[in-house]
Each structure stands twice: as structure tokens, then as C-alpha cells.
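Participant: Next comes the structure file start-v9.cif, holding mmCIF, C-alpha atoms and all ligand atoms.
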```cif
data_target
#
loop_
_atom_site.label_atom_id
_atom_site.label_comp_id
_atom_site.auth_asym_id
_atom_site.auth_seq_id
_atom_site.Cartn_x
_atom_site.Cartn_y
_atom_site.Cartn_z
CA MET Q 1 -49.54 14.40 14.55
CA CYS Q 2 -48.20 10.90 14.67
CA PRO Q 3 -45.51 9.90 17.10
CA ASP Q 4 -41.91 10.14 15.84
CA HIS Q 5 -41.31 6.53 16.63
CA ILE Q 6 -43.55 5.52 13.73
CA ILE Q 7 -41.08 7.22 11.35
CA GLU Q 8 -38.32 5.39 13.20
CA LEU Q 9 -40.12 2.11 12.59
CA MET Q 10 -40.33 2.93 8.88
CA HIS Q 11 -36.57 3.40 8.78
CA GLU Q 12 -36.01 0.19 10.68
CA TYR Q 13 -38.22 -1.51 8.15
CA LEU Q 14 -36.31 0.02 5.26
CA ASP Q 15 -33.01 -1.02 6.85
CA GLU Q 16 -34.47 -4.55 6.99
CA GLU Q 17 -33.80 -4.62 10.68
CA ILE Q 18 -37.30 -4.50 12.09
CA ASP Q 19 -38.51 -7.33 14.28
CA LEU Q 20 -41.92 -8.94 13.87
CA GLU Q 21 -43.41 -7.23 16.87
CA LYS Q 22 -42.51 -3.73 15.66
CA GLU Q 23 -43.49 -4.57 12.11
CA LYS Q 24 -46.95 -5.43 13.39
CA VAL Q 25 -47.18 -2.05 15.16
CA LEU Q 26 -46.10 -0.27 11.98
CA ARG Q 27 -48.58 -2.09 9.75
CA LEU Q 28 -51.41 -1.47 12.11
CA HIS Q 29 -50.61 2.24 12.20
CA LEU Q 30 -50.27 2.53 8.43
CA GLN Q 31 -53.66 0.92 7.93
CA ASN Q 32 -55.26 3.61 10.02
CA CYS Q 33 -53.17 6.67 9.13
CA LYS Q 34 -53.27 8.17 5.65
CA ASP Q 35 -50.41 10.63 6.38
CA CYS Q 36 -47.98 7.97 7.51
CA GLU Q 37 -48.98 5.73 4.64
CA THR Q 38 -48.03 8.53 2.24
CA ILE Q 39 -44.71 9.14 3.96
CA PHE Q 40 -43.92 5.44 3.86
CA TYR Q 41 -44.86 5.21 0.20
CA GLU Q 42 -42.69 8.22 -0.65
CA LEU Q 43 -39.72 6.81 1.21
CA LYS Q 44 -40.00 3.54 -0.68
CA LYS Q 45 -40.42 5.41 -3.95
CA THR Q 46 -37.31 7.47 -3.21
CA ILE Q 47 -35.24 4.34 -2.65
CA ALA Q 48 -36.62 2.79 -5.82
CA PHE Q 49 -35.69 5.90 -7.81
CA VAL Q 50 -32.17 6.01 -6.44
CA LYS Q 51 -31.67 2.32 -7.12
CA SER Q 52 -33.11 2.58 -10.60
CA VAL Q 53 -30.42 4.94 -11.84
CA SER Q 54 -27.53 3.10 -10.28
CA ASN Q 55 -25.81 1.29 -13.09
CA MET Q 56 -23.24 3.61 -14.54
CA GLN Q 57 -20.50 2.54 -16.87
CA ALA Q 58 -16.97 3.82 -16.56
CA PRO Q 59 -15.80 5.82 -19.61
CA ALA Q 60 -14.14 4.04 -22.51
CA ASN Q 61 -10.44 3.25 -22.09
CA PHE Q 62 -10.73 3.73 -18.35
CA THR Q 63 -8.49 0.78 -17.48
CA ALA Q 64 -5.89 1.69 -20.08
CA ASN Q 65 -5.80 5.23 -18.75
CA VAL Q 66 -5.29 4.00 -15.21
CA LEU Q 67 -2.47 1.70 -16.28
CA ALA Q 68 -0.85 4.54 -18.19
CA ARG Q 69 -0.84 6.66 -15.04
CA LEU Q 70 0.70 4.02 -12.80
CA PRO Q 71 4.22 4.67 -11.54
CA LYS Q 72 6.79 2.85 -13.61
CA GLU Q 73 7.30 0.10 -11.10
CA LYS Q 74 6.79 -2.35 -13.90
CA LYS Q 75 10.53 -2.07 -14.53
CA LYS Q 76 10.99 -4.84 -12.00
CA VAL Q 77 9.00 -7.26 -14.08
CA LEU Q 78 10.52 -5.98 -17.29
CA MET Q 79 13.99 -6.35 -15.84
CA THR Q 80 13.31 -9.89 -14.74
CA ARG Q 81 12.25 -10.67 -18.28
CA TRP Q 82 15.30 -8.90 -19.66
CA PHE Q 83 17.62 -10.75 -17.29
CA LYS Q 84 16.27 -14.04 -18.53
CA ASN Q 85 17.13 -13.02 -22.06
CA HIS Q 86 20.57 -11.65 -21.22
CA PRO Q 87 22.18 -14.10 -18.80
CA ILE Q 88 25.73 -12.76 -19.15
CA LEU Q 89 24.75 -9.19 -18.45
CA THR Q 90 22.62 -10.49 -15.61
CA ALA Q 91 25.70 -12.13 -14.18
CA ALA Q 92 27.51 -8.83 -14.60
CA SER Q 93 24.70 -6.99 -12.81
CA LEU Q 94 24.72 -9.54 -10.05
CA PHE Q 95 28.42 -9.00 -9.80
CA VAL Q 96 27.88 -5.27 -9.50
CA VAL Q 97 25.38 -5.86 -6.76
CA LEU Q 98 27.72 -8.20 -4.94
CA MET Q 99 30.78 -6.04 -5.28
CA GLY Q 100 28.68 -2.96 -4.74
CA GLY Q 101 30.16 0.46 -4.44
CA SER Q 102 33.63 -0.73 -3.53
CA LEU Q 103 34.36 -1.81 -7.05
CA MET Q 104 33.12 1.41 -8.59
CA SER Q 105 35.15 3.48 -6.19
CA THR Q 106 38.16 1.35 -7.08
CA TRP Q 107 37.54 2.23 -10.69
CA ASN Q 108 37.19 5.90 -9.91
CA HIS Q 109 40.12 6.19 -7.58
CA GLU Q 110 42.62 4.19 -9.52
CA ARG Q 111 43.41 7.01 -11.89
CA GLU Q 112 47.12 6.95 -11.32
CA PHE Q 113 49.60 5.31 -13.57
CA SER Q 114 50.87 1.97 -12.38
CA VAL Q 115 52.50 -1.10 -13.81
CA THR Q 116 53.41 -4.55 -12.56
CA LYS Q 117 57.08 -4.78 -11.69
CA GLN Q 118 59.00 -7.10 -13.97
CA ARG Q 119 62.50 -7.32 -15.30
CA ASN Q 120 63.18 -5.82 -18.69
CA LEU Q 121 60.20 -3.44 -18.60
CA ILE Q 122 61.09 0.13 -19.47
CA VAL Q 123 58.89 2.91 -18.12
CA LYS Q 124 58.94 6.36 -19.76
CA ASN Q 125 56.41 8.94 -18.60
CA ASN Q 126 53.23 6.92 -18.62
CA THR Q 127 54.39 4.51 -21.28
CA VAL Q 128 55.57 1.00 -20.57
CA ILE Q 129 57.81 -0.56 -23.18
CA VAL Q 130 58.70 -4.16 -23.71
CA PRO Q 131 61.93 -3.59 -25.63
CA LYS Q 132 62.64 -5.31 -28.88
CA GLY Q 133 64.41 -8.63 -28.42
CA GLU Q 134 63.67 -8.75 -24.69
CA VAL Q 135 61.48 -11.23 -22.87
CA VAL Q 136 59.23 -10.24 -19.96
CA LYS Q 137 58.09 -13.13 -17.83
CA GLY Q 138 54.69 -13.08 -16.16
CA ASP Q 139 51.47 -11.10 -16.64
CA VAL Q 140 51.87 -7.41 -17.36
CA VAL Q 141 49.18 -5.02 -16.15
CA VAL Q 142 49.33 -1.33 -17.02
CA ARG Q 143 46.87 1.13 -15.48
CA ASN Q 144 46.23 4.59 -16.86
CA GLY Q 145 49.07 4.38 -19.32
CA THR Q 146 50.27 2.98 -22.63
CA LEU Q 147 51.79 -0.41 -23.23
CA ARG Q 148 54.16 -0.80 -26.18
CA ILE Q 149 55.03 -4.36 -26.98
CA GLU Q 150 58.08 -4.61 -29.20
CA GLY Q 151 59.53 -7.69 -27.54
CA GLU Q 152 57.85 -10.70 -25.93
CA ILE Q 153 55.58 -11.08 -22.94
CA GLN Q 154 55.38 -14.58 -21.61
CA GLY Q 155 51.99 -14.19 -19.98
CA ASP Q 156 48.89 -11.97 -20.30
CA ALA Q 157 49.03 -8.30 -21.21
CA THR Q 158 46.32 -6.13 -19.73
CA VAL Q 159 45.87 -2.39 -20.17
CA ILE Q 160 43.31 -0.73 -17.94
CA ASN Q 161 42.19 2.70 -19.01
CA GLY Q 162 44.93 3.18 -21.55
CA GLU Q 163 46.27 2.11 -24.91
CA LYS Q 164 48.26 -0.78 -26.27
CA TYR Q 165 50.58 -0.94 -29.28
CA LEU Q 166 51.72 -4.28 -30.51
CA ALA Q 167 54.68 -3.97 -32.86
CA SER Q 168 55.03 -6.47 -35.70
CA ALA Q 169 57.90 -8.11 -33.89
CA GLY Q 170 56.10 -7.98 -30.57
CA HIS Q 171 54.57 -11.09 -29.09
CA VAL Q 172 52.33 -12.00 -26.18
CA THR Q 173 52.00 -15.63 -25.26
CA GLY Q 174 48.84 -15.14 -23.18
CA ASP Q 175 45.75 -12.94 -23.67
CA ILE Q 176 45.90 -9.30 -24.62
CA GLU Q 177 43.18 -7.19 -23.13
CA VAL Q 178 42.41 -3.50 -23.06
CA VAL Q 179 39.84 -2.37 -20.50
CA ASN Q 180 38.58 1.14 -21.02
CA GLU Q 181 34.98 1.41 -19.99
CA VAL Q 182 33.46 0.83 -16.64
CA PHE Q 183 31.63 -2.20 -17.94
CA ASP Q 184 34.77 -3.65 -19.47
CA TRP Q 185 36.35 -3.08 -16.12
CA ILE Q 186 33.56 -4.90 -14.36
CA TRP Q 187 33.76 -7.70 -16.86
CA TYR Q 188 37.48 -7.92 -16.37
CA GLN Q 189 37.02 -8.00 -12.59
CA MET Q 190 34.40 -10.66 -12.95
CA LYS Q 191 36.63 -12.91 -14.95
CA LYS Q 192 39.46 -12.26 -12.54
CA THR Q 193 37.23 -13.09 -9.60
CA ALA Q 194 36.05 -16.21 -11.36
CA LYS Q 195 39.64 -17.26 -12.05
CA ASP Q 196 40.57 -16.56 -8.44
CA VAL Q 197 37.63 -18.56 -7.22
CA VAL Q 198 38.48 -21.40 -9.57
CA GLY Q 199 42.10 -21.07 -8.44
CA VAL Q 200 41.05 -21.41 -4.83
CA PHE Q 201 39.05 -24.50 -5.64
CA ASP Q 202 41.93 -25.92 -7.67
CA GLN Q 203 44.23 -25.39 -4.74
CA THR Q 204 41.93 -27.00 -2.24
CA GLU Q 205 41.49 -29.93 -4.56
CA THR Q 206 45.17 -30.45 -5.12
CA LYS Q 207 45.86 -30.40 -1.40
CA MET D 208 -14.67 -13.13 -7.16
CA GLU D 209 -12.80 -12.10 -4.03
CA ALA D 210 -10.63 -15.19 -4.53
CA ILE D 211 -9.66 -14.09 -8.02
CA VAL D 212 -8.98 -10.61 -6.76
CA LYS D 213 -6.76 -11.92 -3.95
CA LYS D 214 -4.77 -13.89 -6.48
CA ARG D 215 -4.35 -10.84 -8.69
CA ILE D 216 -3.27 -8.76 -5.71
CA LYS D 217 -0.41 -11.17 -5.03
CA GLN D 218 0.69 -10.73 -8.64
CA VAL D 219 0.39 -6.96 -8.39
CA ILE D 220 2.59 -6.96 -5.29
CA LYS D 221 5.23 -8.68 -7.42
CA GLY D 222 4.98 -5.74 -9.80
CA ASP D 223 2.66 -7.20 -12.44
CA GLN D 224 0.63 -4.29 -13.75
CA ASP D 225 -1.40 -6.43 -16.12
CA ALA D 226 -2.87 -8.19 -13.09
CA PHE D 227 -3.80 -4.80 -11.71
CA GLY D 228 -5.55 -4.06 -15.00
CA GLU D 229 -7.83 -7.02 -14.30
CA ILE D 230 -8.68 -5.63 -10.89
CA VAL D 231 -9.50 -2.26 -12.45
CA GLU D 232 -11.80 -3.98 -14.95
CA ILE D 233 -13.73 -5.65 -12.14
CA TYR D 234 -14.32 -2.50 -10.10
CA LYS D 235 -14.15 0.35 -12.60
CA ASN D 236 -17.90 0.81 -12.98
CA SER D 237 -18.68 0.90 -9.28
CA VAL D 238 -15.74 3.16 -8.44
CA PHE D 239 -16.59 5.49 -11.29
CA GLN D 240 -20.21 5.61 -10.23
CA LEU D 241 -19.28 6.31 -6.63
CA CYS D 242 -17.09 9.24 -7.74
CA PHE D 243 -19.70 10.53 -10.17
CA ARG D 244 -22.45 10.49 -7.56
CA MET D 245 -20.20 12.21 -5.08
CA LEU D 246 -18.69 14.82 -7.42
CA GLY D 247 -21.44 15.26 -9.98
CA ASN D 248 -19.22 15.76 -12.98
CA ARG D 249 -18.09 13.04 -15.36
CA HIS D 250 -14.70 14.50 -16.05
CA GLU D 251 -13.87 15.02 -12.41
CA ALA D 252 -15.32 11.64 -11.54
CA GLU D 253 -13.11 9.92 -14.09
CA ASP D 254 -10.05 11.65 -12.75
CA ALA D 255 -10.93 10.84 -9.16
CA ALA D 256 -11.73 7.21 -9.97
CA GLN D 257 -8.41 6.84 -11.77
CA GLU D 258 -6.62 8.38 -8.85
CA ALA D 259 -8.38 6.01 -6.45
CA PHE D 260 -7.06 3.03 -8.41
CA ILE D 261 -3.59 4.53 -8.58
CA ARG D 262 -3.57 5.04 -4.82
CA ALA D 263 -4.73 1.48 -4.34
CA TYR D 264 -1.89 0.30 -6.56
CA VAL D 265 0.75 2.36 -4.82
CA ASN D 266 -0.45 1.27 -1.37
CA ILE D 267 -1.30 -2.31 -2.27
CA LYS D 268 1.30 -3.66 0.16
CA SER D 269 -0.52 -2.00 3.05
CA PHE D 270 -3.77 -3.75 2.13
CA ASN D 271 -4.65 -6.36 4.74
CA GLN D 272 -5.37 -9.38 2.59
CA ASP D 273 -7.70 -10.87 5.19
CA LEU D 274 -10.17 -8.08 4.46
CA LYS D 275 -12.44 -7.52 1.50
CA PHE D 276 -10.60 -5.68 -1.24
CA SER D 277 -13.68 -3.80 -2.41
CA THR D 278 -14.17 -2.31 1.06
CA TRP D 279 -10.62 -1.03 1.06
CA LEU D 280 -10.92 0.30 -2.48
CA PHE D 281 -14.22 2.07 -1.80
CA ARG D 282 -12.71 3.58 1.29
CA ILE D 283 -9.89 5.07 -0.74
CA ALA D 284 -12.32 6.36 -3.37
CA THR D 285 -14.76 7.81 -0.83
CA ASN D 286 -12.06 9.64 1.11
CA LEU D 287 -10.63 10.99 -2.10
CA CYS D 288 -14.00 12.33 -3.23
CA ILE D 289 -14.70 13.89 0.15
CA ASP D 290 -11.30 15.59 0.03
CA ARG D 291 -12.05 16.95 -3.41
CA MET D 292 -15.50 18.13 -2.41
CA ARG D 293 -14.08 19.98 0.55
CA LYS D 294 -11.44 21.66 -1.57
CA LYS D 295 -14.01 22.66 -4.15
CA LYS D 296 -16.38 24.55 -1.92
CA PRO D 297 -17.57 24.56 1.63
CA ASP D 298 -20.68 22.49 2.02
CA HIS D 299 -23.21 24.42 4.03
CA TYR D 300 -26.24 22.90 2.44
CA LEU D 301 -28.16 21.08 5.14
CA ASP D 302 -24.91 20.38 6.86
CA ALA D 303 -25.32 22.43 9.99
CA GLU D 304 -25.94 20.01 12.80
CA VAL D 305 -28.64 21.29 15.10
CA ALA D 306 -27.82 20.37 18.67
CA GLY D 307 -29.94 17.60 20.13
CA THR D 308 -31.62 16.62 16.87
CA GLU D 309 -29.51 13.58 16.05
CA GLY D 310 -31.99 10.92 15.02
CA LEU D 311 -34.84 13.30 14.31
CA SER D 312 -36.02 13.82 10.80
CA MET D 313 -34.06 16.67 9.35
CA TYR D 314 -36.45 17.61 6.61
CA SER D 315 -39.00 18.90 9.07
CA GLN D 316 -36.67 21.86 9.55
CA ILE D 317 -36.33 22.66 5.87
CA PRO D 318 -38.81 25.10 4.35
CA SER D 319 -40.82 23.28 1.76
CA ASN D 320 -40.54 25.99 -0.89
CA THR D 321 -37.17 24.56 -2.01
CA GLU D 322 -39.01 22.04 -4.16
CA LEU D 323 -38.38 22.07 -7.87
CA PRO D 324 -41.06 23.60 -10.10
CA GLU D 325 -43.22 20.85 -11.49
CA LYS D 326 -42.62 21.70 -15.13
CA GLU D 327 -38.90 21.54 -14.71
CA LEU D 328 -39.26 18.16 -13.11
CA GLU D 329 -41.36 16.83 -15.94
CA SER D 330 -38.86 17.87 -18.55
CA MET D 331 -35.95 16.25 -16.81
CA GLU D 332 -34.97 12.68 -17.05
CA LEU D 333 -35.31 10.74 -13.83
CA GLN D 334 -31.62 10.00 -13.99
CA GLU D 335 -30.73 13.68 -13.98
CA THR D 336 -33.25 14.50 -11.31
CA VAL D 337 -32.02 11.85 -8.95
CA GLN D 338 -28.42 12.82 -9.56
CA LYS D 339 -29.20 16.45 -8.97
CA GLU D 340 -30.94 15.70 -5.69
CA ILE D 341 -28.16 13.44 -4.51
CA LEU D 342 -25.70 16.23 -5.15
CA LYS D 343 -27.75 18.49 -2.94
CA LEU D 344 -27.24 16.17 -0.02
CA PRO D 345 -24.50 17.16 2.37
CA GLU D 346 -21.41 15.08 1.93
CA LYS D 347 -21.99 12.81 4.93
CA TYR D 348 -25.48 11.78 3.90
CA ARG D 349 -24.51 11.60 0.27
CA SER D 350 -21.72 9.06 0.77
CA ALA D 351 -23.93 6.87 2.94
CA ILE D 352 -26.84 6.94 0.48
CA VAL D 353 -24.67 6.30 -2.56
CA LEU D 354 -22.88 3.37 -0.90
CA LYS D 355 -26.15 1.91 0.34
CA TYR D 356 -28.43 2.27 -2.67
CA MET D 357 -26.18 2.73 -5.65
CA GLU D 358 -23.35 0.43 -4.67
CA ASP D 359 -25.76 -1.88 -2.88
CA LEU D 360 -23.53 -2.41 0.14
CA SER D 361 -24.48 -3.65 3.60
CA LEU D 362 -24.55 -1.35 6.62
CA ASN D 363 -21.51 -3.17 7.99
CA GLU D 364 -19.50 -2.61 4.84
CA ILE D 365 -20.48 1.04 4.76
CA SER D 366 -19.48 1.38 8.38
CA GLU D 367 -16.04 -0.01 7.51
CA ILE D 368 -15.69 2.17 4.43
CA LEU D 369 -16.63 5.36 6.23
CA ASP D 370 -14.90 4.29 9.43
CA LEU D 371 -18.02 5.05 11.46
CA PRO D 372 -20.13 3.04 13.88
CA VAL D 373 -23.04 1.24 12.23
CA GLY D 374 -25.45 3.39 14.28
CA THR D 375 -24.06 6.58 12.77
CA VAL D 376 -24.26 5.11 9.28
CA LYS D 377 -27.91 4.28 9.89
CA THR D 378 -28.68 7.80 11.05
CA ARG D 379 -27.04 9.25 7.98
CA ILE D 380 -28.94 6.94 5.68
CA HIS D 381 -32.19 7.81 7.43
CA ARG D 382 -31.58 11.52 7.02
CA GLY D 383 -30.45 11.07 3.47
CA ARG D 384 -33.65 9.21 2.71
CA GLU D 385 -35.76 11.92 4.35
CA ALA D 386 -34.05 14.71 2.44
CA LEU D 387 -34.29 12.88 -0.88
CA LYS D 388 -37.92 12.05 -0.25
CA GLN D 389 -38.68 15.74 0.15
CA GLN D 390 -37.15 16.48 -3.23
CA LEU D 391 -38.38 13.47 -5.13
CA ARG D 392 -41.92 13.21 -3.80
CA TYR D 393 -43.49 14.97 -6.80
CA VAL D 394 -41.61 13.05 -9.47
ZN ZN O 1 -49.46 8.31 11.28
#
```
Show how you would write the structure in this file as C-alpha cells.
Facilitator:
Amino acid sequence: MCPDHIIELMHEYLDEEIDLEKEKVLRLHLQNCKDCETIFYELKKTIAFVKSVSNMQAPANFTANVLARLPKEKKKVLMTRWFKNHPILTAASLFVVLMGGSLMSTWNHEREFSVTKQRNLIVKNNTVIVPKGEVVKGDVVVRNGTLRIEGEIQGDATVINGEKYLASAGHVTGDIEVVNEVFDWIWYQMKKTAKDVVGVFDQTETK
Amino acid sequence: MEAIVKKRIKQVIKGDQDAFGEIVEIYKNSVFQLCFRMLGNRHEAEDAAQEAFIRAYVNIKSFNQDLKFSTWLFRIATNLCIDRMRKKKPDHYLDAEVAGTEGLSMYSQIPSNTELPEKELESMELQETVQKEILKLPEKYRSAIVLKYMEDLSLNEISEILDLPVGTVKTRIHRGREALKQQLRYV
């Protein structure tokens, strides 16, 4: 029987980590020992066999299948693209982010009827009437109710979550706006915020 | 190549899945092969390889970009295959460690009548034979042999992939070679 360390030397050789001295010992032994020569040959053959079969191809459509299984995080990229194509809605989204939950809760909690207080406005149940022949000065805002305009509003008329009737004789000098959906509401708030911001700047400039 | 991969990884982190597709293209063959050699079944290997890439994608932010991506990816794939092998069936083939024999040649303890009949060997393609013998290796020798000779990786890389000291990797490769030699000597 040959010493175990000869087998060890073979492995060192196969690991390409043998030093010259040991390699000499190994070679010398192999020249004189048929058994070890066979073992060494078989080890090298084994490695050659294993290496020879080692070029497998992944199945067809492998990459596509992986991509199809990825979590839908791509939304981020898609959204960025979408934002670029829809700047106004992007602004609206940004607004939502900035105003956050507070705005939405405002929308949800303000379910009660309310109206700006102005002279000549008549309130019946949840209906606000601008009587025929009368003039209401300033912006009128009605929440969760109906606005009937038979006379004149010298300002903007806004109905949030409600309805508006403009009689043939009725007249509004400013803008008429009905806000009924959350997004309308956000849009309305955005414009209001923008106006306020502009107003602030106007004021500081005029000072 | 690593430079390209690093660039793609940055894009992937930003959520670009097309960039990840390029990474998959680069490594799909080696990852698939690794899984196939470990699991021995094309269908399972494909599923495992896909899962390895998906895990890499999901965890891409935890990848240390100073390291080699392939090492990290192979580590994911190897662990996944080992998990699956363990779930499939307990591996008692050759796996029992005999106390005090670390470093000795394992095959000397295996009865030699486990060799394949010569006729069967002749009728089989070398490819199938080698695959069959690799699958007979216990998991710890199998992973080391596959990474070394089929994926052509250095001992250092294998040590990182398997999270083992280089010395242990060497021992496993030595034993894997011995066991394979026993089976393949008559081919
Ligand atoms: Zn000898």
C-alpha cells in the first residue's frame, strides 16, 4: 500500500496548489508505482468528463419567464413615464402627496350643509336661493346642498358636493363651479391654494 | 462584464426591469446549469433558477456592490437548491460523516459492488452518466464539484458562495472527486 499522502499530493496537484518540491515527489512516485499512476489517471479522467458535459443552455424563453414572474415594482418606472405625459395630473398627485391625508379627511368629514354668510341669501332646508332681483356681493360657496341662482351673484359661485340651478334671469359675474368628485375637490383645492399662494406673493410685492 | 452588470444593477435598483432582463441573459445558462446539476430535473431546475433570479431582484438593494455579482447570485441559487433538495428527501447517500476521517479518501469505505453494470454504461451517453453520478453525490460534495468543474469557479469564489473556509471547500472537492472517480472509472 502506498502512503495516503501521495493521494493528498494528487489532490494538491489537481487543485493547482502543489509546490515544485512536492510535485517532484509525486512524479517520482508515479513513475515507480502502477497503482498510483492508475488512480491519478482516473482522477484526471473524472475531471475531464465532468468538465466536458458542462455547457448547458437555459430553456427557451427563460428570461421572459423570469421577467413575467417579477413583482410589479415596475409601476414606479411606468408611473414616472406616465407623469411625464400627464403633467397636470402629476401636479394633482403631487398636491395629494403634499396635502396628504388631511385633505382627504376634510373631504370626508365635511358632509354637513354649509353656506357662506351674505346678505340677501335665503336658506331653505339644504337649498340656498339667490332671490330674483336681488344682488349678492362676494363669492358664494355652498357645501352639501343646492344653489339656486335666480338673482345676481357679484363674485364666484361654488357648489361642493351638491347641485346648482341657474335660472334664465340669474347671473354670476365670476366663475361658476360645481365640485362633486374627490378629484374635482382636489383640483378645486389646488387652484384655491395656488390663488392663495399667488395672493400672498401679490401682497408681499405690493407692500 | 462585471462593469456592465454593475451599471445594470444601478438601473434595476431604480426599478428598471428591462435592465434586469439583461442580467438574466448574462447568467441564465450558468444558473440553470447549477440548478440542473443540483436537482437533476429540467423542470425543477428551471423553476429553481427562475426563483433564484427573482430573489436576486427582490433583494438587489441588499447586494454589496463592491462584491462580485455572480458570487452573490450563485450563492442565492445554491442555497435555494440545497433547500429544495432537503425538502425533497433526506440525503443519506454517502453523507454520514465518519468521525476522524475528515481528509481521508471516502471511497475506500464504500463497497465496490455499487458500480454500474458495464452494458448499461455503454448504452448511456456520457452526459447522462456524469449527471447521474453527480446526483449520487451528497449535497455538500455535489455543490462543491459543480461549482468547481461545471461553473469553473476558483476555490476562493466557491468558499464565498458556500460560506465555508477554503480548506473545507478543498476537502469537499477532494471527496467529490474520489467518489466520482469510483463511479466513472469504467466509462
Ligand atoms: Zn503508489
Participant: Using all atoms listed in the file, find each residue with an atom at most 12 Å away from ligand ZN 1 (chain O) and format the answer as a PyMOL selection string.
Facilitator: chain Q and resi 1-10+25-40
Participant: Based on only C-alpha atoms, which of the residues in chain Q come within 9 Å of chain D? I want them as number ranges by chain.
Facilitator: Q: 4, 7-8, 11, 15, 39, 42-59, 62-67, 69-71, 73-77
Participant: Between CA of Asn363 (chain D) and CA of Thr278 (chain D), what distance in Å does the model show, to one decimal?
Facilitator: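 Rounded to one decimal, the two atoms are 10.1 Å apart.
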Participant: Interatomic distance between CA of Gly383 (chain D) and CA of Glu21 (chain Q)?
Facilitator: 26.1 Å
Participant: Quote the spacing between CA of Thr375 (chain D) and CA of Ile267 (chain D) in Å to one decimal place.
Facilitator: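 Atom-to-atom, CA of Thr375 (chain D) to CA of Ile267 (chain D), that is 28.7 Å.
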Participant: Using only C-alpha atoms, collect all residues at a distance of at most 8 Å from (41.0, 1.5, -22.2) as written in the file, then present them as a list in words.
Facilitator: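 Checked against the point, the hits come out as Val159, Ile160, Asn161, Gly162, Glu163, Val178, Val179, Asn180 and Glu181 of chain Q.
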Participant: How would the residues just picked look written out with C-alpha atoms as a PDB file, in the frame of the given file?
Facilitator:
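What landed in selection_31.pdb:
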```pdb
ATOM      1  CA  VAL Q 159      45.870  -2.390 -20.170  1.00  0.00           C
ATOM      2  CA  ILE Q 160      43.310  -0.730 -17.940  1.00  0.00           C
ATOM      3  CA  ASN Q 161      42.190   2.700 -19.010  1.00  0.00           C
ATOM      4  CA  GLY Q 162      44.930   3.180 -21.550  1.00  0.00           C
ATOM      5  CA  GLU Q 163      46.270   2.110 -24.910  1.00  0.00           C
ATOM      6  CA  VAL Q 178      42.410  -3.500 -23.060  1.00  0.00           C
ATOM      7  CA  VAL Q 179      39.840  -2.370 -20.500  1.00  0.00           C
ATOM      8  CA  ASN Q 180      38.580   1.140 -21.020  1.00  0.00           C
ATOM      9  CA  GLU Q 181      34.980   1.410 -19.990  1.00  0.00           C
TER      10      GLU Q 181
END
```
Participant: Tell me which of D:Cys242, D:Val212, D:Asn271, D:Asn266 sits closest to Arg291 (chain D), counting all atoms listed in the file.
Facilitator: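 Distance minimum relative to Arg291 (chain D) lands on D:Cys242.
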Participant: Skip Phe281 (chain D) itself and residues of its chain fewer than 4 positions away, then list as a list in words all residues within 7 Å of it, counting all atoms listed in the file.
Facilitator: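 Contacts, in chain order: Val238, Ser277, Thr285 and Ile368 of chain D.
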Participant: Just checking: using all atoms listed in the file, which residue out of Q:Asn126, Q:Val135, Q:Met190, Q:Lys72 ends up closest to Lys164 (chain Q)?
Facilitator: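 The closest residue to Lys164 (chain Q) is Q:Asn126.
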Participant: Would you compute, for all listed atoms of region 133-139 of chain Q, the axis-aligned bounding box grown by 5 Å on each side, and then report its centre and edge lengths in Å rounded to one decimal, as lines of an AutoDock Vina configuration file?
Facilitator:
```
center_x = 57.9
center_y = -10.9
center_z = -22.3
size_x = 22.9
size_y = 14.5
size_z = 22.3
```
